[in-house]
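A.B. asks: Here it is, the structure, as structure tokens.
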Amino acid sequence: MTDIRKVPAACEATGDFHHAETAGGLKRTLTPRHLNMIAIGGCIGTGLFVASGSTIAQSGPGGALLAFVVIGLMVFFLMTSLGELAACMPVTGSFSTYAAKYVDPSFGFALGWNYWYSWAVTIAVDLVAAQIIMAYWFPDVPGYIWSGIFLLIIAGLNMASVRLFGEAEYWFSLIKVITIVLFIAVGILMLFGILSGGEQAGPRLWAIGDAPVVGGLGALVGVAMVVGFSFQGTEFVGIAAGETRDPGKNVPRAVRQIFWRILLFYVLTILIIGLLIPYNDPSLLRNGVSDIRVSPFTLIFERADMLGAAAVMNAVILTSVLSAGNSGMYASSRMLYSLALEGKAPAIFARLSRSGTPRWALLATATVAGLCFLTFIFSPGQIYNWLLNTSGMLGFIAWLGIAVSHYRFRRGYVHQGNDLGHLPYVSKFFPFGPIFAFVLCLCVTLGQNYQALLGDSIDWAGLTATYVGLALFLVIWLAHKLVSRSRFVRLDQMSFSTIRSRFENDRQADAPAARSRHSQARMTQVRS
């Protein structure tokens, strides 16, 4: 049997990423259809369907819209950066591998572990949300039972095969996309008076109280973490590239579609909610999640006298939760698998089942997702908020890593005289894109709970809860640096041989097809 730990090294030497991780490793069975839907559907979950209500309540309709626009623009820049990296280096380790190659090996090590833990915690967030949703129908059943059932379902889908995961995620995501399109259509009909419930709605709601922006800059920074959580998962394109057919063509195609999907599914949705529900409506969530019936999606369907649709909306939200958890299980287990392949995690996590799935990495991820069972001790709403803030902070750290890795990659690539035309996809927004994303991520990360320092006494408990993820990342980074004595990679030390080799292989493979097309064209001219 092939030693799967040697496969990436062989591919690194030959530059053949098309066959990377197929000889005894992961299989490229995800199709463009799967990748395109994962690019947008994988990140639509409780952040948009549920937590968007508290975002509007805390910062007002204008503040929430501004936060989604700014964070959405940042995410778009990040995805163009990740698209450039993933198209030419489609490896399962994704930005952890890129950070190790083009920034610092210790930085890549910490980034990989951070991402694994981040999405393992996010699965727990989704499982807690599932408890709250199921309480809508079964209020007397303990919530942790539902978390256990859904955790088994998610783990089972990922354990079976990559193809099954991709197919399940495609249909999960399609349901979410159709729901959002219908929601936007209903909202527009309400605003124009075609459907009932919008009589008191419209721009006038933006003049109520302190609207449109409530709480100023402090509120915007405060909700940015929840808004960022709503977008987290968009970077799955980079993780899935390692198991996608022809990533050089399909990854750029998925990245190009992200801008319009962000504009449609996030910005337009928040705009409609802000025009239909006053920010000071007591039904909107101000302090987290306690009742799924106050999801802004459900509220708007109810006010349109579509009670049946409102009930169906709860089932759709449950589907979105399972979809987000399904994607999170995939992304985190693949990151842990990649860390094990590179010797950065115990080798047991690199073992694959007969179907080509990293079963031990999946079990480790499911174990951390078991944090959802803390609801046996604390309330589901309390646990949801704790885990959401932790996951949001860790997600922003991962985005920081993408921005830094792309900036360093492009600087080194050009510094060594390489041709950008050899890359399958080139971000048009360099250097502004990664710099803008880095600065904004840093501001949100560091300023998330600055209010804890402004009172008469420092809120140490609040600071710990907010910044424990950042502290953990720094500890892992510095500890690995001390042990390994790694150094930052200089521009002239970066290796791009794999990219050049892949370009030459692709050009040679395309040459016969190009000659055939040329011959056919000449024959057509002769006949005419």
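Labels for the structure tokens follow display order: chains A, B, ..., residues from 1 in each chain, ligands from 1.
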Do you know which residues are at most 12 Å from Trp137 (chain A) counting only C-alpha atoms, after dropping those on the same chain fewer than 2 positions away, and could you put them as a ChimeraX atom specification?
C.D. replies: /A:130-135,139-141,143,146,291-293,311-312,314-315,318
A.B. asks: Keeping N, CA and C atoms, export the residues of the selection given above as a PDB file, in the first residue's frame.
C.D. replies:
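Printed below is result03.pdb as written:
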```pdb
ATOM      1  N   ALA A 130     -29.362  23.868  16.469  1.00  0.00           N
ATOM      2  CA  ALA A 130     -30.315  22.814  16.137  1.00  0.00           C
ATOM      3  C   ALA A 130     -31.189  22.467  17.345  1.00  0.00           C
ATOM      4  N   GLN A 131     -30.613  22.506  18.538  1.00  0.00           N
ATOM      5  CA  GLN A 131     -31.404  22.277  19.749  1.00  0.00           C
ATOM      6  C   GLN A 131     -32.528  23.303  19.866  1.00  0.00           C
ATOM      7  N   ILE A 132     -32.172  24.564  19.623  1.00  0.00           N
ATOM      8  CA  ILE A 132     -33.147  25.656  19.755  1.00  0.00           C
ATOM      9  C   ILE A 132     -34.253  25.512  18.709  1.00  0.00           C
ATOM     10  N   ILE A 133     -33.869  25.103  17.506  1.00  0.00           N
ATOM     11  CA  ILE A 133     -34.855  24.931  16.438  1.00  0.00           C
ATOM     12  C   ILE A 133     -35.814  23.782  16.775  1.00  0.00           C
ATOM     13  N   MET A 134     -35.269  22.664  17.234  1.00  0.00           N
ATOM     14  CA  MET A 134     -36.111  21.512  17.520  1.00  0.00           C
ATOM     15  C   MET A 134     -37.047  21.778  18.695  1.00  0.00           C
ATOM     16  N   ALA A 135     -36.665  22.683  19.585  1.00  0.00           N
ATOM     17  CA  ALA A 135     -37.542  23.052  20.698  1.00  0.00           C
ATOM     18  C   ALA A 135     -38.825  23.707  20.204  1.00  0.00           C
ATOM     19  N   PRO A 139     -40.772  20.890  22.531  1.00  0.00           N
ATOM     20  CA  PRO A 139     -40.240  21.670  23.663  1.00  0.00           C
ATOM     21  C   PRO A 139     -39.878  20.832  24.884  1.00  0.00           C
ATOM     22  N   ASP A 140     -40.429  19.633  24.994  1.00  0.00           N
ATOM     23  CA  ASP A 140     -40.195  18.823  26.195  1.00  0.00           C
ATOM     24  C   ASP A 140     -39.026  17.853  26.052  1.00  0.00           C
ATOM     25  N   VAL A 141     -38.441  17.763  24.861  1.00  0.00           N
ATOM     26  CA  VAL A 141     -37.325  16.842  24.645  1.00  0.00           C
ATOM     27  C   VAL A 141     -36.013  17.564  24.960  1.00  0.00           C
ATOM     28  N   GLY A 143     -32.532  19.151  24.743  1.00  0.00           N
ATOM     29  CA  GLY A 143     -31.844  19.591  23.528  1.00  0.00           C
ATOM     30  C   GLY A 143     -30.624  18.775  23.167  1.00  0.00           C
ATOM     31  N   TRP A 146     -31.022  16.014  20.581  1.00  0.00           N
ATOM     32  CA  TRP A 146     -31.022  16.411  19.172  1.00  0.00           C
ATOM     33  C   TRP A 146     -29.604  16.663  18.680  1.00  0.00           C
ATOM     34  N   ASP A 291     -35.131  31.863  21.047  1.00  0.00           N
ATOM     35  CA  ASP A 291     -36.372  31.369  20.457  1.00  0.00           C
ATOM     36  C   ASP A 291     -36.271  31.500  18.950  1.00  0.00           C
ATOM     37  N   ILE A 292     -36.337  30.378  18.238  1.00  0.00           N
ATOM     38  CA  ILE A 292     -36.148  30.387  16.802  1.00  0.00           C
ATOM     39  C   ILE A 292     -37.258  31.148  16.095  1.00  0.00           C
ATOM     40  N   ARG A 293     -38.393  31.345  16.783  1.00  0.00           N
ATOM     41  CA  ARG A 293     -39.499  32.039  16.151  1.00  0.00           C
ATOM     42  C   ARG A 293     -39.195  33.510  15.900  1.00  0.00           C
ATOM     43  N   ALA A 311     -43.773  28.344   9.083  1.00  0.00           N
ATOM     44  CA  ALA A 311     -43.466  27.042   9.688  1.00  0.00           C
ATOM     45  C   ALA A 311     -42.420  26.301   8.869  1.00  0.00           C
ATOM     46  N   VAL A 312     -42.554  26.378   7.538  1.00  0.00           N
ATOM     47  CA  VAL A 312     -41.571  25.733   6.658  1.00  0.00           C
ATOM     48  C   VAL A 312     -40.205  26.386   6.841  1.00  0.00           C
ATOM     49  N   ASN A 314     -38.779  27.379   9.478  1.00  0.00           N
ATOM     50  CA  ASN A 314     -38.048  26.760  10.580  1.00  0.00           C
ATOM     51  C   ASN A 314     -37.357  25.471  10.132  1.00  0.00           C
ATOM     52  N   ALA A 315     -38.034  24.722   9.262  1.00  0.00           N
ATOM     53  CA  ALA A 315     -37.414  23.503   8.735  1.00  0.00           C
ATOM     54  C   ALA A 315     -36.236  23.847   7.838  1.00  0.00           C
ATOM     55  N   LEU A 318     -33.326  24.707   9.954  1.00  0.00           N
ATOM     56  CA  LEU A 318     -32.716  23.464  10.447  1.00  0.00           C
ATOM     57  C   LEU A 318     -31.826  22.853   9.367  1.00  0.00           C
TER      58      LEU A 318
END
```
A.B. asks: With distances taken over only C-alpha atoms, which residue among A:Ile270, A:Ala207, A:Ala324, A:Val186 lies nearest Arg303 (chain A)?
C.D. replies: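 Comparing A:Ile270, A:Ala207, A:Ala324, A:Val186 against Arg303 (chain A), the winner is A:Val186.
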A.B. asks: CA of Phe138 (chain A) to CA of Gly325 (chain A): how many Å, to one decimal?
C.D. replies: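 These atoms are spaced 21.2 Å apart.
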A.B. asks: Report the closest atom pair, with its distance in Å rounded to one decimal, for each residue of region 126-204 of chain A that has an atom no farther than 10 Å from region 105-122 of chain A; count only C-alpha atoms, sort by chain and then rising residue number, and write it as a tab-separated table.
C.D. replies:
```
residue	atom	partner	partner_atom	distance
A:Asp126	CA	A:Thr122	CA	6.3
A:Leu127	CA	A:Thr122	CA	8.6
A:Val128	CA	A:Thr122	CA	9.8
```
A.B. asks: Go ahead and save the residues from that selection, with N, CA and C atoms, as a PDB file, in the first residue's frame.
C.D. replies:
```
ATOM      1  N   ASP A 126     -23.505  25.213  15.522  1.00  0.00           N
ATOM      2  CA  ASP A 126     -24.645  24.795  14.701  1.00  0.00           C
ATOM      3  C   ASP A 126     -25.486  23.733  15.408  1.00  0.00           C
ATOM      4  N   LEU A 127     -24.845  22.859  16.147  1.00  0.00           N
ATOM      5  CA  LEU A 127     -25.586  21.815  16.857  1.00  0.00           C
ATOM      6  C   LEU A 127     -26.396  22.397  18.010  1.00  0.00           C
ATOM      7  N   VAL A 128     -25.881  23.432  18.650  1.00  0.00           N
ATOM      8  CA  VAL A 128     -26.659  24.119  19.687  1.00  0.00           C
ATOM      9  C   VAL A 128     -27.849  24.832  19.054  1.00  0.00           C
TER      10      VAL A 128
END
```
A.B. asks: In Å, how far is it from CA of Leu264 (chain A) to CA of Gly228 (chain A)?
C.D. replies: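 Between CA of Leu264 (chain A) and CA of Gly228 (chain A) the gap works out to 16.5 Å.
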A.B. asks: Which is closest to Ile272 (chain A) among A:Ser230, A:Ser495, A:Ser327, A:Ser52, if we use only C-alpha atoms?
C.D. replies: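 Closest candidate: A:Ser52.
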